[in-house]
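Everything below concerns the one structure shown next.
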Amino acid sequence: MTTEANQDSTICPEILKNDHETRESKVTCCSVCKPGSTLKNKTGGWRNFRPIYNYEKCTKCGICEIVCPDMSVKPREDGFFEYDYDYCKGCGICANECPEDAIGMILEEK
Amino acid sequence: MINPADKEKMVVVEGSYAVAHSAKTCHPNVISAYPITPQTHIVENLAQFIADGKIPNCEYLNVESEFSAISSLIGAAAVGARTYSATTSQGLLLMHEALFNASGMRFPIIMTVTNRAVSAPINIWNDHQDAIAQRDTGWIQLYVEDVQEASDTLPQIYKIAEDHEIMLPGMVCMDGYILSHVYEPVVLLEQNLVDNFLPPFHPENVLDPEDPKTFGAFATPDTYEEFRYLQEQAMQKTLPKIEAVAKEFEEVFGRFHGGLVDGYMIEDAEIVIMGMGSVLGTVKDVVDQYRAKGEKIGVLKVRSFRPFPKEQILESIQNAHAVVVLDKNISIGTNEGALFTETKSCLYNSKVRIPLVGYTLGHGGRDIRIESIVKVVEGTKAAAKTGIMVESQFLDLKEELL
Amino acid sequence: MTKIAPKMYLSSGHSGCAGCCDAFAAKFTLMGTGPNCIVVNPTGCLEVMSTPFPLSSWKVPWIHSLFENGSAVASGVEAALKALGKKNDIKVIAIGGDGSTMDIGIGAISGAFERGHDFTYVCMDNEAYMNTGIQRSSGTPYDASTTTSPAGKFSFGNPRPKKNMPAIIAAHGSPYVATTSIGFPRDMIRKVKKATEIVGPTYIHSHAPCTTGWGFDTSKTLEIAKLAVETGLWPMYEMEYGEIMQVRRIKDPRPVEEYLRTQKRFKHLFTMEGGEKEIQKIQDSADWNIKHYGLK
Ligand SMILES: Cc1ncc(C[n+]2csc(CCOP(=O)(O)OP(=O)(O)O)c2C)c(N)n1
Ligand code: SF4
Ligand code: SF4
Ligand SMILES: [Mg+2]
């Protein structure tokens with residue numbers, strides 16, 4: 001992963017570590033929260049359809065990364081992208097917007 | 001009581017000027033206000049100070065409403081600014097929603113409220129209905145008796161509110177017109193003394209791209225109650241702080257206006273008159289007359305209405321034979337003023353068993369005359385002897401108009 | 001689209017609906033501002049979904065106070081930064097929904113623009129009060145069925161056209177007012193960036209189709225946003241001091257019917273008697289836009 005993609009974990013590493021503490025954080029003055037801490041909410045569980053790349057068709061244009069409302073498309077070192085299924089809600093926008101038809105949506109098996 | 005050392009320093013100015021001057025010496029970074037009678041002279045004076053370059057590092061916002069006045073101060077306080085506003089009556093009511101918000105967010109925003117009646121009918125004169133309507137918003141409320149106190153209480157309330165253990169907003173309530181527009185000899189606060197007394201404002205949490213925090217998140221039933229609890233805890237910590245800061249102020253400035261409460265001729269008093277604000281001046285005159293006749297009448301000034309100083313009130317009135325509470329407000333539907341209701345409630349679970357009666361008076365600026373206070377004292381003396389006939393009533397109703 | 005190094009200052013894990021428009025508006029806004037900003041976000045879907053205490057999706061300093069005071073809070077933030085000598089290049093951004101911008105907060109935004117604070121206001125216009133369950137706002141378009149302007153035997157839905165908010169802001173003498181759409185990320189990011197670089201109060205009005213409120217498949221958020229522009233229903237332009245300087249041209253405007261058909265909120269226009277006439281009225285308004293803004 002590139003440094004950009006690692007940003008989530010660099011900003012708030014302690015948040016990623018202790019997952020179960022989510023609801024135990026102390027109530028504070030002005031209800032201050034730490035930046036980027038919703039990473040504790042693994043919204044991937046909402047998904048009914050799972051996006052899948054066809055890397056043969058992908059031209060690395062990066063549109064999918066821009067058009068994901070859940071910041072779940074992560075660039076890879078090789079210029080391709082991959083999904084962070086911890087957060088992807090399966091909205092299908094990336095597949096819909098991909099100009100090369102390189103993303104398929106398959107039914108999530110639960 | 002005028003401190004002899006103060007006498008030479010006194011100048012005759014309008015109450016609003018003294019308050020504006022006091023606000024200036026507290027070095028606010030953002031002032032935001034919307035004009036409303038009788039607050040206008042305070043903000044006009046501040047605008048002039050700004051125009052003359054007399055308040056360094058300060059932005060003055062001519063906002064389009066009181067709602068935006070308080071809202072802009074919420075934003076400013078979040079960045080770490082010391083903030084000031086002044087308002088009254090309809091303006092204070094318009095702020096209502098944001099008052100809860102400022103307190104819940106724990107921003108020590110400070111306001112002077114030049115207390116005024118609320119509409120309808122529209123009326124620009126003094127009573128306490130506007131501020132009393134904000135009693136549950138989580139703001140510290142200090143009621144002052146005269147212009148000197150209105151001005152002296154500002155640096156005090158900043159110091160109280162900005163304590164890291166407290167971090168609550170506060171309002172200094174001064175009677176509109178009666179104090180805001182009166183010309184009185186006062187000591188204008190000396191800048192060097194205020195600088196000694198009031199440390200700069202350095203909140204622990206601020207909005208800053210270097211350390212990007214989130215302010216004002218929403219709380220579910222999982223956490224909301226704890227936020228309320230912490231606010232109440234902070235208010236409780238405010239009780240001793242108000243007393244301590246009043247003493248610190250006395251050490252630096254040589255003036256003391258009371259801490260949470262302040263007694264006058266109260267030690268041996270058989271009848272105690274309780275009240276808030278400028279009416280106490282008239283009440284003290286009446287008490288002097290009674291004392292001259294050898295009657296043991298005393299006064300309990302309630303300076304802090306929020307937090308409500310239950311213990312101090314109980315302690316002050318426990319030896320009285322009867323107590324009368326004067327309220328320039330009414331909670332319609334109870335036929336009682338707020339101070340009366342709350343004083344009664346703090347007696348119930350205590351050992352103090354004395355008759356307590358209340359008068360709601362001075363609505364919309366109705367003059368409170370010496371004779372009326374005498375009537376109140378006589379009524380209370382009767383209650384002490386024969387028991388309560390009428391628990392709470394309007395004073396000086398004009399029957400002929402009804 | 002050329003490659004924009006996408007620094008994400010909004011993080012995953014927010015609880016916006018799948019395909020949420022407000023998430024896009026926030027994401028693109030932050031891509032335009034970069035990290036050196038303070039964001040004020042009045043009450044609405046974005047605020048609720050991104051900050052469930054003790055968590056936050058925001059990686060920039062962010063404050064929520066109330067529903068109607070976003071612009072006033074931003075005024076105070078800006079004034080305080082100045083007074084404390086911290087303004088330098090910290091950008092002050094307010095980002096609010098159509099309800100908080102055009103309805104309940106219009107007094108505050110008017111005041112802030114008139115006073116000339118150096119900040120950028122981004123309106124994410126999803127054309128109704130989504131957070132409270134899709135009630136009509138003054139941004140709701142003509143004939144859209146919402147929960148408080150429902151279509152029915154005697155109603156085609158919302159009886160009034162959208163309020164022209166950009167024109168109202170422009171009338172304050174703002175140096176830069178632009179309309180954009182989440183369907184055009186590059187356009188939106190560029191305009192936000194430009195707005196924040198201009199000194200003074202600037203305004204970005206971003207059209208933002210809401211999957212839940214408008215009734216379309218979650219995958220269509222951006223597609224429908226583009227359709228709105230391509231039909232002429234949502235003109236994209238830039239104004240400097242009230243003068244239109246740039247418009248996004250549409251070569252072959254698509255019929256509004258194509259756009260209307262995609263959304264449940266307009267479904268009744270295709271089933272009710274007299275619906276055709278209504279659709280024609282909407283077509284007329286698109287045609288008017290095309291002519292008025294010189295979109296062709
Ligand atoms: C004074 C006040 N009135 C009403 C509400 C309820 N309320 C909260 S969010 C909202 C609608 C938000 O609509 P909009 O600004 O368009 O944002 P959206 O949720 O659509 O993104 C309403 C009506 C409130 N919070 N405060
Ligand atoms: S399906 Fe939706 S949430 Fe998942 S990666 Fe694609 S755009 Fe993002
Ligand atoms: S209702 Fe609309 S705006 Fe609200 S979270 Fe869902 S998609 Fe986003
Ligand atoms: Mg909306």
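Following the order of the structure tokens, chains are lettered A, B, ..., residues in each are numbered from 1, and ligands are numbered from 1.
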
All strand (DSSP E) residues (DSSP, backbone) inside segment 180-271 of chain C, as number ranges by chain
C: 180-181, 202-207, 237-240, 243-247

Distance-based interface of chain B with chain A, 8 Å, counting only C-alpha atoms, as a list in words:
Gly104, Met105, Arg106, Phe107, Asn205, Pro212, Lys213, Thr214, Phe215, Gly216, Ala217, Thr223, Glu226 and Phe227 of chain B

Give the answer as one residue: which of C:Gln263, C:Ser149, C:Ser181, C:Ser219 has the shortest atom-to-atom distance to ligand 2, using only C-alpha atoms and all ligand atoms?
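The answer is C:Ser219, which sits nearest to ligand 2.
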
Residues of chain A within 9 Å of chain C, counting only C-alpha atoms, what are they? List them as JSON, numbers by chain.
{"A": [4, 5, 7, 8, 11, 22, 23, 24, 25, 26, 27, 31, 32, 33, 34, 35, 36, 37, 38, 39, 40, 41, 42, 43, 44, 46, 47, 61, 62, 63, 65, 66, 67, 68, 69, 70, 71, 72, 86, 87, 88, 89, 90, 91, 92, 93, 94, 95, 96, 97]}

Kindly save the residues from that selection, with C-alpha atoms included, as a short mmCIF file (atom, residue, chain, number, x, y, z; two decimals), in the first residue's frame.
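Output below, filename selection-v5.cif:
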```
data_model
loop_
_atom_site.label_atom_id
_atom_site.label_comp_id
_atom_site.auth_asym_id
_atom_site.auth_seq_id
_atom_site.Cartn_x
_atom_site.Cartn_y
_atom_site.Cartn_z
CA GLU A 4 -1.57 7.73 1.11
CA ALA A 5 -3.53 4.58 1.70
CA GLN A 7 -3.01 7.51 6.15
CA ASP A 8 -5.98 6.14 8.01
CA ILE A 11 -3.42 9.41 11.89
CA THR A 22 -15.45 1.84 20.97
CA ARG A 23 -18.20 2.39 23.46
CA GLU A 24 -15.96 2.69 26.46
CA SER A 25 -14.31 5.97 25.59
CA LYS A 26 -14.63 8.51 28.33
CA VAL A 27 -17.21 11.23 28.09
CA SER A 31 -17.80 15.90 23.41
CA VAL A 32 -14.46 16.00 21.66
CA CYS A 33 -13.70 13.06 19.37
CA LYS A 34 -10.45 11.90 17.83
CA PRO A 35 -9.94 12.44 14.11
CA GLY A 36 -10.79 9.63 11.76
CA SER A 37 -11.92 7.37 14.56
CA THR A 38 -15.01 6.00 12.82
CA LEU A 39 -12.58 3.45 11.44
CA LYS A 40 -13.84 1.47 14.38
CA ASN A 41 -17.18 1.15 12.65
CA LYS A 42 -16.72 -1.71 10.24
CA THR A 43 -19.49 -0.84 7.83
CA GLY A 44 -18.56 -3.72 5.51
CA TRP A 46 -23.92 -3.69 5.48
CA ARG A 47 -22.93 -5.05 2.08
CA CYS A 61 -7.56 5.56 -14.16
CA GLY A 62 -8.41 5.96 -10.48
CA ILE A 63 -12.02 6.96 -10.97
CA GLU A 65 -11.10 5.76 -5.80
CA ILE A 66 -12.63 9.18 -6.29
CA VAL A 67 -16.21 7.97 -6.57
CA CYS A 68 -16.34 5.79 -3.48
CA PRO A 69 -18.39 7.57 -0.80
CA ASP A 70 -16.91 5.28 1.82
CA MET A 71 -13.23 5.71 1.06
CA SER A 72 -12.99 1.96 0.59
CA ASP A 86 -14.07 -3.76 6.13
CA TYR A 87 -15.85 -0.59 5.07
CA CYS A 88 -17.22 -1.05 1.54
CA LYS A 89 -21.02 -0.89 1.77
CA GLY A 90 -21.51 -2.36 -1.68
CA CYS A 91 -23.31 0.66 -3.11
CA GLY A 92 -22.07 -0.20 -6.59
CA ILE A 93 -21.12 3.32 -7.57
CA CYS A 94 -17.55 2.33 -8.42
CA ALA A 95 -18.83 -0.38 -10.75
CA ASN A 96 -21.39 1.96 -12.26
CA GLU A 97 -18.85 4.70 -12.88
#
```

Specify as a VMD selection string all residues of chain C found within 7 Å of chain B, counting only C-alpha atoms.
chain C and resid 35 to 38 48 51 to 53 56 59 to 65 69 72 to 77 79 to 81 83 to 84 108 111

Store the residues of this selection in a file with N, CA, C and O atoms, as a compact mmCIF listing (two decimals), in the first residue's frame.
```
# COMPACT_ATOMS: atom_id res chain seq x y z
N PRO C 35 -5.76 19.81 4.23
CA PRO C 35 -5.89 19.63 5.68
C PRO C 35 -5.91 20.92 6.49
O PRO C 35 -6.33 20.92 7.63
N ASN C 36 -5.46 22.02 5.89
CA ASN C 36 -5.29 23.22 6.69
C ASN C 36 -6.58 24.04 6.76
O ASN C 36 -6.66 25.16 6.26
N CYS C 37 -7.59 23.43 7.36
CA CYS C 37 -8.88 24.12 7.41
C CYS C 37 -9.60 23.78 8.70
O CYS C 37 -9.19 22.87 9.43
N ILE C 38 -10.62 24.55 9.00
CA ILE C 38 -11.53 24.25 10.10
C ILE C 38 -12.92 24.16 9.50
O ILE C 38 -13.34 25.05 8.77
N VAL C 48 -24.66 13.93 11.51
CA VAL C 48 -25.09 12.77 12.30
C VAL C 48 -24.30 11.52 11.91
O VAL C 48 -23.82 10.78 12.75
N THR C 51 -20.26 11.71 13.03
CA THR C 51 -19.72 11.96 14.38
C THR C 51 -20.54 11.35 15.50
O THR C 51 -21.05 12.03 16.37
N PRO C 52 -20.65 10.00 15.50
CA PRO C 52 -21.32 9.38 16.66
C PRO C 52 -20.32 9.34 17.81
O PRO C 52 -19.36 8.58 17.75
N PHE C 53 -20.53 10.16 18.82
CA PHE C 53 -19.58 10.21 19.93
C PHE C 53 -19.30 8.79 20.43
O PHE C 53 -20.25 8.03 20.59
N SER C 56 -15.35 9.90 15.15
CA SER C 56 -15.49 10.94 14.14
C SER C 56 -14.83 10.50 12.85
O SER C 56 -13.77 9.87 12.86
N LYS C 59 -10.89 14.16 9.66
CA LYS C 59 -9.45 14.24 9.99
C LYS C 59 -8.98 15.68 9.96
O LYS C 59 -7.78 15.94 9.96
N VAL C 60 -9.91 16.58 9.87
CA VAL C 60 -9.61 18.01 10.00
C VAL C 60 -10.40 18.50 11.21
O VAL C 60 -11.38 17.85 11.60
N PRO C 61 -9.99 19.63 11.81
CA PRO C 61 -10.78 20.13 12.94
C PRO C 61 -12.20 20.45 12.48
O PRO C 61 -12.38 21.04 11.41
N TRP C 62 -13.15 20.07 13.29
CA TRP C 62 -14.55 20.11 12.86
C TRP C 62 -15.43 20.49 14.04
O TRP C 62 -15.19 20.06 15.17
N ILE C 63 -16.44 21.30 13.79
CA ILE C 63 -17.36 21.65 14.87
C ILE C 63 -18.80 21.66 14.37
O ILE C 63 -19.10 22.14 13.28
N HIS C 64 -19.65 21.09 15.19
CA HIS C 64 -21.09 21.16 14.97
C HIS C 64 -21.70 21.87 16.17
O HIS C 64 -21.38 21.55 17.31
N SER C 65 -22.54 22.86 15.91
CA SER C 65 -23.22 23.52 17.02
C SER C 65 -24.71 23.28 16.91
O SER C 65 -25.27 22.48 17.65
N ASN C 69 -27.16 27.72 12.60
CA ASN C 69 -26.13 28.73 12.88
C ASN C 69 -24.76 28.45 12.26
O ASN C 69 -23.77 29.05 12.68
N ALA C 72 -22.87 31.54 11.28
CA ALA C 72 -22.51 32.38 12.42
C ALA C 72 -21.34 31.76 13.17
O ALA C 72 -20.41 32.46 13.58
N VAL C 73 -21.37 30.46 13.35
CA VAL C 73 -20.26 29.79 14.03
C VAL C 73 -18.98 29.98 13.20
O VAL C 73 -17.92 30.31 13.74
N ALA C 74 -19.12 29.84 11.89
CA ALA C 74 -17.95 30.04 11.02
C ALA C 74 -17.44 31.47 11.12
O ALA C 74 -16.23 31.71 11.13
N SER C 75 -18.35 32.44 11.23
CA SER C 75 -17.94 33.85 11.41
C SER C 75 -17.07 33.98 12.65
O SER C 75 -16.06 34.68 12.64
N GLY C 76 -17.51 33.33 13.72
CA GLY C 76 -16.78 33.42 14.98
C GLY C 76 -15.43 32.73 14.89
O GLY C 76 -14.43 33.23 15.43
N VAL C 77 -15.40 31.59 14.20
CA VAL C 77 -14.12 30.89 14.03
C VAL C 77 -13.15 31.80 13.28
O VAL C 77 -12.00 31.99 13.69
N ALA C 79 -13.24 35.09 12.91
CA ALA C 79 -12.88 36.28 13.69
C ALA C 79 -11.86 35.93 14.77
O ALA C 79 -10.90 36.66 15.00
N ALA C 80 -12.05 34.78 15.40
CA ALA C 80 -11.14 34.38 16.47
C ALA C 80 -9.75 34.08 15.92
O ALA C 80 -8.74 34.46 16.51
N LEU C 81 -9.71 33.41 14.77
CA LEU C 81 -8.39 33.12 14.17
C LEU C 81 -7.65 34.42 13.90
O LEU C 81 -6.45 34.54 14.14
N ALA C 83 -8.17 37.39 15.40
CA ALA C 83 -7.83 38.07 16.65
C ALA C 83 -6.64 37.42 17.33
O ALA C 83 -5.81 38.09 17.93
N LEU C 84 -6.56 36.10 17.21
CA LEU C 84 -5.48 35.38 17.89
C LEU C 84 -4.23 35.30 17.01
O LEU C 84 -3.26 34.65 17.38
N ALA C 108 -28.49 33.74 9.05
CA ALA C 108 -27.09 33.67 9.47
C ALA C 108 -26.14 33.74 8.28
O ALA C 108 -25.11 34.41 8.33
N GLY C 111 -26.06 37.27 6.96
CA GLY C 111 -25.25 38.12 7.83
C GLY C 111 -23.76 37.90 7.62
O GLY C 111 -22.98 38.84 7.50
```

Can you tell me, as a PyMOL selection string, what residues are no more than 8 Å from Glu184 of chain B when counting only C-alpha atoms, ignoring any on the same chain fewer than 4 positions away?
chain B and resi 11-15+147

Protein and nucleic residues near ligand 1, 8 Å, only C-alpha atoms and all ligand atoms, as a ChimeraX atom specification:
/B:97 /C:22,42-46,66-68,96-101,104,124-132,134-135,137

Could you write those residues out with N, CA, C and O atoms, as a short mmCIF file (atom, residue, chain, number, x, y, z; two decimals), in the first residue's frame?
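Listed below is the output, result18.cif:
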```
data_model
loop_
_atom_site.label_atom_id
_atom_site.label_comp_id
_atom_site.auth_asym_id
_atom_site.auth_seq_id
_atom_site.Cartn_x
_atom_site.Cartn_y
_atom_site.Cartn_z
N GLU B 97 -31.86 28.59 22.49
CA GLU B 97 -31.38 27.30 22.00
C GLU B 97 -29.85 27.22 22.06
O GLU B 97 -29.28 26.20 22.45
N ASP C 22 -24.15 13.12 0.70
CA ASP C 22 -23.49 14.05 1.63
C ASP C 22 -22.05 13.62 1.86
O ASP C 22 -21.16 14.46 2.03
N PRO C 42 -23.34 22.37 10.26
CA PRO C 42 -24.61 22.40 10.97
C PRO C 42 -25.33 21.05 10.94
O PRO C 42 -24.95 20.16 10.18
N THR C 43 -26.34 20.92 11.76
CA THR C 43 -27.07 19.66 11.89
C THR C 43 -27.62 19.18 10.55
O THR C 43 -28.08 19.97 9.74
N GLY C 44 -27.59 17.89 10.35
CA GLY C 44 -28.10 17.28 9.13
C GLY C 44 -27.49 15.90 8.99
O GLY C 44 -26.73 15.47 9.86
N CYS C 45 -27.82 15.22 7.90
CA CYS C 45 -27.32 13.85 7.71
C CYS C 45 -25.82 13.76 7.88
O CYS C 45 -25.32 12.87 8.56
N LEU C 46 -25.08 14.69 7.25
CA LEU C 46 -23.62 14.59 7.28
C LEU C 46 -23.09 14.61 8.70
O LEU C 46 -22.23 13.80 9.07
N LEU C 66 -25.37 23.93 15.96
CA LEU C 66 -26.83 23.79 15.82
C LEU C 66 -27.19 23.70 14.34
O LEU C 66 -26.32 23.70 13.47
N PHE C 67 -28.49 23.67 14.07
CA PHE C 67 -28.99 23.48 12.71
C PHE C 67 -28.91 24.78 11.90
O PHE C 67 -28.57 24.79 10.72
N GLU C 68 -29.22 25.90 12.56
CA GLU C 68 -29.40 27.14 11.81
C GLU C 68 -28.24 28.11 11.92
O GLU C 68 -28.31 29.22 11.43
N GLY C 96 -23.14 22.81 4.85
CA GLY C 96 -24.47 22.53 5.37
C GLY C 96 -25.42 22.05 4.28
O GLY C 96 -25.17 22.23 3.09
N GLY C 97 -26.50 21.43 4.69
CA GLY C 97 -27.50 20.93 3.76
C GLY C 97 -28.35 22.07 3.22
O GLY C 97 -28.23 23.23 3.64
N ASP C 98 -29.22 21.73 2.29
CA ASP C 98 -30.11 22.75 1.71
C ASP C 98 -31.01 23.34 2.79
O ASP C 98 -31.26 24.55 2.80
N GLY C 99 -31.45 22.51 3.72
CA GLY C 99 -32.33 23.02 4.78
C GLY C 99 -31.62 24.02 5.65
O GLY C 99 -32.11 25.13 5.90
N SER C 100 -30.44 23.67 6.12
CA SER C 100 -29.75 24.57 7.04
C SER C 100 -29.22 25.80 6.31
O SER C 100 -29.02 26.83 6.92
N THR C 101 -29.01 25.69 5.02
CA THR C 101 -28.47 26.82 4.26
C THR C 101 -29.57 27.76 3.78
O THR C 101 -29.53 28.97 4.00
N ILE C 104 -33.62 27.54 7.34
CA ILE C 104 -33.50 28.00 8.73
C ILE C 104 -32.23 28.82 8.97
O ILE C 104 -32.19 29.67 9.84
N MET C 124 -24.63 21.53 0.44
CA MET C 124 -24.85 20.23 -0.22
C MET C 124 -26.36 20.11 -0.39
O MET C 124 -27.08 19.88 0.57
N ASP C 125 -26.78 20.28 -1.61
CA ASP C 125 -28.20 20.40 -1.87
C ASP C 125 -28.79 19.06 -2.31
O ASP C 125 -28.76 18.71 -3.47
N ASN C 126 -29.34 18.33 -1.34
CA ASN C 126 -30.01 17.08 -1.70
C ASN C 126 -31.53 17.29 -1.75
O ASN C 126 -32.30 16.35 -1.74
N GLU C 127 -31.92 18.53 -1.78
CA GLU C 127 -33.28 18.93 -2.13
C GLU C 127 -34.37 18.48 -1.18
O GLU C 127 -35.52 18.33 -1.58
N ALA C 128 -34.03 18.30 0.07
CA ALA C 128 -35.04 18.05 1.11
C ALA C 128 -34.34 17.91 2.46
O ALA C 128 -33.11 17.84 2.52
N TYR C 129 -35.13 17.89 3.52
CA TYR C 129 -34.59 17.61 4.86
C TYR C 129 -34.45 16.10 4.98
O TYR C 129 -35.39 15.41 5.37
N MET C 130 -33.29 15.58 4.65
CA MET C 130 -33.14 14.12 4.64
C MET C 130 -33.03 13.56 6.05
O MET C 130 -33.60 12.53 6.37
N ASN C 131 -32.31 14.26 6.89
CA ASN C 131 -32.03 13.74 8.22
C ASN C 131 -33.28 13.46 9.03
O ASN C 131 -33.33 12.56 9.85
N THR C 132 -34.32 14.26 8.78
CA THR C 132 -35.54 14.08 9.55
C THR C 132 -36.58 13.26 8.78
O THR C 132 -37.71 13.13 9.22
N ILE C 134 -36.91 13.19 4.87
CA ILE C 134 -37.30 13.61 3.52
C ILE C 134 -38.48 14.57 3.51
O ILE C 134 -39.48 14.36 2.80
N GLN C 135 -38.41 15.61 4.33
CA GLN C 135 -39.44 16.64 4.25
C GLN C 135 -39.01 17.71 3.26
O GLN C 135 -37.83 17.90 3.00
N SER C 137 -38.00 21.13 1.51
CA SER C 137 -37.29 22.35 1.86
C SER C 137 -37.49 23.34 0.73
O SER C 137 -38.13 23.02 -0.28
#
```

Can you tell me, as a PyMOL selection string, what residues are no more than 12 Å from Thr37 of chain B when counting only C-alpha atoms, ignoring any on the same chain fewer than 5 positions away?
chain B and resi 16+42-44+86-92+113-118+122-126+175-177+180-181

For segment 131-139 of chain B: contacts at 6 Å, only C-alpha atoms, fewer than 3 positions along chain excluded, given as a CSV table (one decimal) with N, CA and C atoms, in the first residue's frame:
```csv
chain,number,residue,atom,x,y,z
B,99,LEU,N,-27.9,28.9,24.0
B,99,LEU,CA,-27.4,29.0,25.4
B,99,LEU,C,-27.1,27.5,25.9
B,100,PHE,N,-28.1,26.7,25.6
B,100,PHE,CA,-27.9,25.3,26.0
B,100,PHE,C,-26.7,24.7,25.3
B,103,SER,N,-23.3,25.9,26.7
B,103,SER,CA,-23.0,25.2,28.0
B,103,SER,C,-22.6,23.8,27.7
B,128,HIS,N,-36.7,40.4,36.0
B,128,HIS,CA,-35.7,39.4,35.8
B,128,HIS,C,-36.3,38.2,34.9
B,169,PRO,N,-20.3,28.6,30.5
B,169,PRO,CA,-20.6,30.0,30.2
B,169,PRO,C,-21.2,30.7,31.4
B,170,GLY,N,-21.1,32.0,31.4
B,170,GLY,CA,-21.7,32.7,32.5
B,170,GLY,C,-22.3,34.1,32.1
```

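Within the 9 Å cut-off around Tyr83 of chain A, using only C-alpha atoms and omitting residues fewer than 5 positions from it on the same chain, the listed residues are Pro51, Ile52, Tyr53, Ser72, Val73, Lys74, Pro75 and Cys88 of chain A.
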
Write a file of the selected residues as a PDB file, in the first residue's frame, keeping C-alpha atoms.
```pdb
ATOM      1  CA  PRO A  51     -17.369  -5.211  -5.888  1.00  0.00           C
ATOM      2  CA  ILE A  52     -14.669  -7.245  -7.614  1.00  0.00           C
ATOM      3  CA  TYR A  53     -11.947  -5.948  -9.905  1.00  0.00           C
ATOM      4  CA  SER A  72     -12.986   1.960   0.593  1.00  0.00           C
ATOM      5  CA  VAL A  73     -10.936   1.923  -2.582  1.00  0.00           C
ATOM      6  CA  LYS A  74      -7.252   1.863  -1.785  1.00  0.00           C
ATOM      7  CA  PRO A  75      -4.456   2.372  -4.297  1.00  0.00           C
ATOM      8  CA  CYS A  88     -17.219  -1.047   1.539  1.00  0.00           C
TER       9      CYS A  88
END
```

Would you kindly return, as a ChimeraX atom specification, each protein, DNA or RNA residue with an atom no farther than 7 Å from any atom of segment 152-169 of chain C, considering only C-alpha atoms and excluding same-chain residues fewer than 4 positions away?
/C:102,138-145,174,177,205
